[in-house]
Amino acid sequence: MRRSRAVANTAAVVIAVLVAFPLYWMVLSAFKPESELQSSDPRPWTTAPTLDGFRRVLTVDGLGGYFLNSLLVAGAVVLLSLLMSFLAAVALTRYRIKGRAVLLLMLLVAQMVPVEALTIPLFFLMRQVGSAAPAFGINHLGSLVLVHLAFSLPLAIWMLRGFVAAVPVELEEAATLDGANRTRFVWQVLFPLVAPGLVATSVLSFIHAWNDFLFAKTFIISATENQTLPMAILVFFSPQGNDWGAIMAGSTLMTIPVLIFFVLVQRNLVSGLSGAVKG
């Protein structure tokens, strides 16, 4: 028993190191001087840390606007995906819907389609949507919200379905006897009980929208005022040579909001992910 536990702990440490090493190398490269970054003998440490890369990133024109755009898109996706996925999970679990099994199967199939294969069709779709609703068309942040929402909802619905199904039906019957209608039960009883699942899905939705580069590059073509934070790093790529110090510094700064979000929801995150697995 002790040997198997030791093997499991060792394997967990090795996996954690392998997962954390790219993050460590990114942060290290952000603090390395240019001479060490261009060296043919890279070392996993630096003897002369510098903040020059961060200075170059923070002086990019419009950086504050890029940050606010990313925050707006990610926040809208999180709020809308939580609301819509929760209601959809309740409908699929608590109501008898014809073709429910087919709908659940479609949710899984939607996760198997590569994002790259849908980029061009989505571009033409957003262009058509923009003709009827300009706020959701090309060069508008609404297009990014719609696309990220479409990719976040299937997984969020599937995860929350397990949490909703875990709530006993007897609890709803007891609430009905106490005079609560179905709407009141859903929002005042069921919604707080599935809070861990909501946290887990919100983290996934936030990361997906915050780190997006492909859709931001595809849909925001000429409206520079609507570009998101990942687009700011593009200025450090050039045919003459890439500014890896600034690139890594920008990538490091981009992870800070994600880490803050994790810290805020960490209490419910583990129980949310474990509940999703059980469901």
# chains A, B, ... in the order shown; residues from 1 in each chain; ligands from 1

call {"tool": "residues_around", "arguments": {"residues": "Gln227 (chain A)", "least_positions_apart": "4", "cutoff": "12 Å", "atoms": "only C-alpha atoms", "output": "PyMOL selection string"}}
result
chain A and resi 61-73+138-144+212-223+231-234

call {"tool": "residues_around", "arguments": {"residues": "Val189 (chain A)", "least_positions_apart": "6", "cutoff": "9 Å", "atoms": "only C-alpha atoms", "output": "PyMOL selection string"}}
result
chain A and resi 171-172+175

call {"tool": "residues_around", "arguments": {"residues": "Val109 (chain A)", "least_positions_apart": "3", "cutoff": "12 Å", "atoms": "only C-alpha atoms", "output": "ChimeraX atom specification"}}
result
/A:102-106,112-114,151,154-155,158

call {"tool": "residues_around", "arguments": {"residues": "Ser152 (chain A)", "least_positions_apart": "3", "cutoff": "8 Å", "atoms": "only C-alpha atoms", "output": "list in words"}}
result
Ser81, His148, Leu149, Leu155, Ala156, Leu204, Ser205 and His208 of chain A

call {"tool": "write_last_selection", "arguments": {"atoms": "all heavy atoms", "output": "PDB file, in the first residue's frame"}}
result
ATOM      1  N   SER A  81     -22.784  32.227 -20.738  1.00  0.00           N
ATOM      2  CA  SER A  81     -22.664  30.761 -20.761  1.00  0.00           C
ATOM      3  C   SER A  81     -23.193  30.148 -19.472  1.00  0.00           C
ATOM      4  O   SER A  81     -23.834  29.086 -19.496  1.00  0.00           O
ATOM      5  CB  SER A  81     -21.210  30.351 -20.991  1.00  0.00           C
ATOM      6  OG  SER A  81     -20.388  30.761 -19.916  1.00  0.00           O
ATOM      7  N   HIS A 148     -17.410  32.473 -29.084  1.00  0.00           N
ATOM      8  CA  HIS A 148     -16.941  31.823 -27.863  1.00  0.00           C
ATOM      9  C   HIS A 148     -18.092  31.213 -27.075  1.00  0.00           C
ATOM     10  O   HIS A 148     -17.936  30.160 -26.439  1.00  0.00           O
ATOM     11  CB  HIS A 148     -16.191  32.827 -26.994  1.00  0.00           C
ATOM     12  CG  HIS A 148     -14.875  33.238 -27.566  1.00  0.00           C
ATOM     13  ND1 HIS A 148     -13.910  32.331 -27.952  1.00  0.00           N
ATOM     14  CD2 HIS A 148     -14.342  34.460 -27.826  1.00  0.00           C
ATOM     15  CE1 HIS A 148     -12.861  32.970 -28.416  1.00  0.00           C
ATOM     16  NE2 HIS A 148     -13.100  34.254 -28.358  1.00  0.00           N
ATOM     17  N   LEU A 149     -19.230  31.854 -27.111  1.00  0.00           N
ATOM     18  CA  LEU A 149     -20.407  31.315 -26.443  1.00  0.00           C
ATOM     19  C   LEU A 149     -20.831  29.990 -27.075  1.00  0.00           C
ATOM     20  O   LEU A 149     -21.190  29.031 -26.380  1.00  0.00           O
ATOM     21  CB  LEU A 149     -21.542  32.327 -26.504  1.00  0.00           C
ATOM     22  CG  LEU A 149     -22.773  32.057 -25.641  1.00  0.00           C
ATOM     23  CD1 LEU A 149     -22.392  32.023 -24.172  1.00  0.00           C
ATOM     24  CD2 LEU A 149     -23.826  33.133 -25.892  1.00  0.00           C
ATOM     25  N   LEU A 155     -19.932  22.046 -23.675  1.00  0.00           N
ATOM     26  CA  LEU A 155     -19.245  21.465 -22.529  1.00  0.00           C
ATOM     27  C   LEU A 155     -19.871  21.925 -21.221  1.00  0.00           C
ATOM     28  O   LEU A 155     -20.008  21.137 -20.267  1.00  0.00           O
ATOM     29  CB  LEU A 155     -17.760  21.825 -22.563  1.00  0.00           C
ATOM     30  CG  LEU A 155     -16.900  21.259 -21.427  1.00  0.00           C
ATOM     31  CD1 LEU A 155     -16.968  19.736 -21.415  1.00  0.00           C
ATOM     32  CD2 LEU A 155     -15.461  21.738 -21.552  1.00  0.00           C
ATOM     33  N   ALA A 156     -20.257  23.200 -21.142  1.00  0.00           N
ATOM     34  CA  ALA A 156     -20.865  23.716 -19.919  1.00  0.00           C
ATOM     35  C   ALA A 156     -22.194  23.022 -19.628  1.00  0.00           C
ATOM     36  O   ALA A 156     -22.476  22.661 -18.477  1.00  0.00           O
ATOM     37  CB  ALA A 156     -21.065  25.227 -20.051  1.00  0.00           C
ATOM     38  N   LEU A 204     -13.510  27.427 -17.246  1.00  0.00           N
ATOM     39  CA  LEU A 204     -13.226  26.953 -18.609  1.00  0.00           C
ATOM     40  C   LEU A 204     -13.649  27.984 -19.650  1.00  0.00           C
ATOM     41  O   LEU A 204     -12.928  28.218 -20.628  1.00  0.00           O
ATOM     42  CB  LEU A 204     -13.936  25.618 -18.840  1.00  0.00           C
ATOM     43  CG  LEU A 204     -13.495  24.459 -17.939  1.00  0.00           C
ATOM     44  CD1 LEU A 204     -14.324  23.212 -18.227  1.00  0.00           C
ATOM     45  CD2 LEU A 204     -12.011  24.152 -18.127  1.00  0.00           C
ATOM     46  N   SER A 205     -14.803  28.591 -19.454  1.00  0.00           N
ATOM     47  CA  SER A 205     -15.276  29.597 -20.411  1.00  0.00           C
ATOM     48  C   SER A 205     -14.367  30.821 -20.417  1.00  0.00           C
ATOM     49  O   SER A 205     -14.073  31.383 -21.473  1.00  0.00           O
ATOM     50  CB  SER A 205     -16.709  30.014 -20.065  1.00  0.00           C
ATOM     51  OG  SER A 205     -17.595  28.911 -20.141  1.00  0.00           O
ATOM     52  N   HIS A 208     -11.023  30.017 -22.180  1.00  0.00           N
ATOM     53  CA  HIS A 208     -11.220  29.869 -23.627  1.00  0.00           C
ATOM     54  C   HIS A 208     -11.346  31.226 -24.310  1.00  0.00           C
ATOM     55  O   HIS A 208     -10.770  31.459 -25.384  1.00  0.00           O
ATOM     56  CB  HIS A 208     -12.477  29.033 -23.881  1.00  0.00           C
ATOM     57  CG  HIS A 208     -12.706  28.709 -25.323  1.00  0.00           C
ATOM     58  ND1 HIS A 208     -13.414  29.548 -26.169  1.00  0.00           N
ATOM     59  CD2 HIS A 208     -12.313  27.664 -26.091  1.00  0.00           C
ATOM     60  CE1 HIS A 208     -13.456  29.019 -27.380  1.00  0.00           C
ATOM     61  NE2 HIS A 208     -12.795  27.882 -27.368  1.00  0.00           N
TER      62      HIS A 208
END

call {"tool": "closest_residue", "arguments": {"among": "A:Val90, A:Leu107, A:Ala246, A:Leu146", "to": "Phe123 (chain A)", "atoms": "only C-alpha atoms"}}
result
A:Leu146

call {"tool": "select_by_dssp", "arguments": {"residues": "region 12-251 of chain A", "states": "alpha helix (DSSP H)", "output": "number ranges by chain"}}
result
A: 12-31, 34-37, 52-58, 63-94, 100-112, 115-132, 141-166, 169-177, 182-185, 191-193, 195-210, 214-219, 229-232, 244-251

call {"tool": "decode", "arguments": {"residues": "region 89-146 of chain A", "atoms": "C-alpha atoms", "output": "tab-separated table (two decimals), in the first residue's frame"}}
result
chain	number	residue	atom	x	y	z
A	89	ALA	CA	-29.16	21.69	-18.04
A	90	VAL	CA	-32.35	22.14	-16.01
A	91	ALA	CA	-34.48	21.65	-19.10
A	92	LEU	CA	-32.61	18.51	-20.20
A	93	THR	CA	-32.68	17.02	-16.72
A	94	ARG	CA	-35.99	18.06	-15.14
A	95	TYR	CA	-38.27	18.10	-18.17
A	96	ARG	CA	-39.33	15.36	-20.53
A	97	ILE	CA	-38.12	16.65	-23.87
A	98	LYS	CA	-38.62	14.67	-27.04
A	99	GLY	CA	-35.26	13.79	-28.56
A	100	ARG	CA	-33.32	14.56	-25.39
A	101	ALA	CA	-30.83	11.76	-26.05
A	102	VAL	CA	-30.17	13.14	-29.52
A	103	LEU	CA	-29.55	16.61	-28.09
A	104	LEU	CA	-27.06	15.24	-25.56
A	105	LEU	CA	-25.29	13.32	-28.32
A	106	MET	CA	-25.08	16.48	-30.39
A	107	LEU	CA	-23.43	18.26	-27.46
A	108	LEU	CA	-20.68	15.65	-27.45
A	109	VAL	CA	-20.28	15.71	-31.23
A	110	ALA	CA	-19.92	19.50	-31.13
A	111	GLN	CA	-16.79	19.09	-29.00
A	112	MET	CA	-15.15	16.83	-31.59
A	113	VAL	CA	-15.14	19.31	-34.47
A	114	PRO	CA	-11.76	21.09	-34.82
A	115	VAL	CA	-11.94	24.82	-34.31
A	116	GLU	CA	-9.75	25.44	-37.36
A	117	ALA	CA	-12.24	23.67	-39.61
A	118	LEU	CA	-15.00	26.07	-38.56
A	119	THR	CA	-13.10	29.34	-38.74
A	120	ILE	CA	-13.83	30.17	-42.38
A	121	PRO	CA	-17.54	29.16	-42.26
A	122	LEU	CA	-17.93	31.19	-39.06
A	123	PHE	CA	-16.34	34.19	-40.75
A	124	PHE	CA	-18.95	34.19	-43.51
A	125	LEU	CA	-21.69	33.53	-40.97
A	126	MET	CA	-20.64	36.48	-38.83
A	127	ARG	CA	-20.51	38.66	-41.92
A	128	GLN	CA	-24.11	37.77	-42.69
A	129	VAL	CA	-25.14	38.27	-39.08
A	130	GLY	CA	-23.54	41.70	-39.17
A	131	SER	CA	-25.78	42.79	-42.02
A	132	ALA	CA	-28.81	42.29	-39.75
A	133	ALA	CA	-27.20	43.10	-36.39
A	134	PRO	CA	-24.05	45.20	-36.86
A	135	ALA	CA	-23.02	44.85	-33.20
A	136	PHE	CA	-22.43	41.12	-33.78
A	137	GLY	CA	-20.74	41.35	-37.15
A	138	ILE	CA	-17.15	41.47	-38.36
A	139	ASN	CA	-14.90	44.01	-36.60
A	140	HIS	CA	-17.18	44.08	-33.54
A	141	LEU	CA	-16.64	42.45	-30.15
A	142	GLY	CA	-20.12	40.95	-30.35
A	143	SER	CA	-18.88	38.48	-32.98
A	144	LEU	CA	-16.24	37.17	-30.56
A	145	VAL	CA	-18.83	36.84	-27.79
A	146	LEU	CA	-21.18	34.82	-30.03
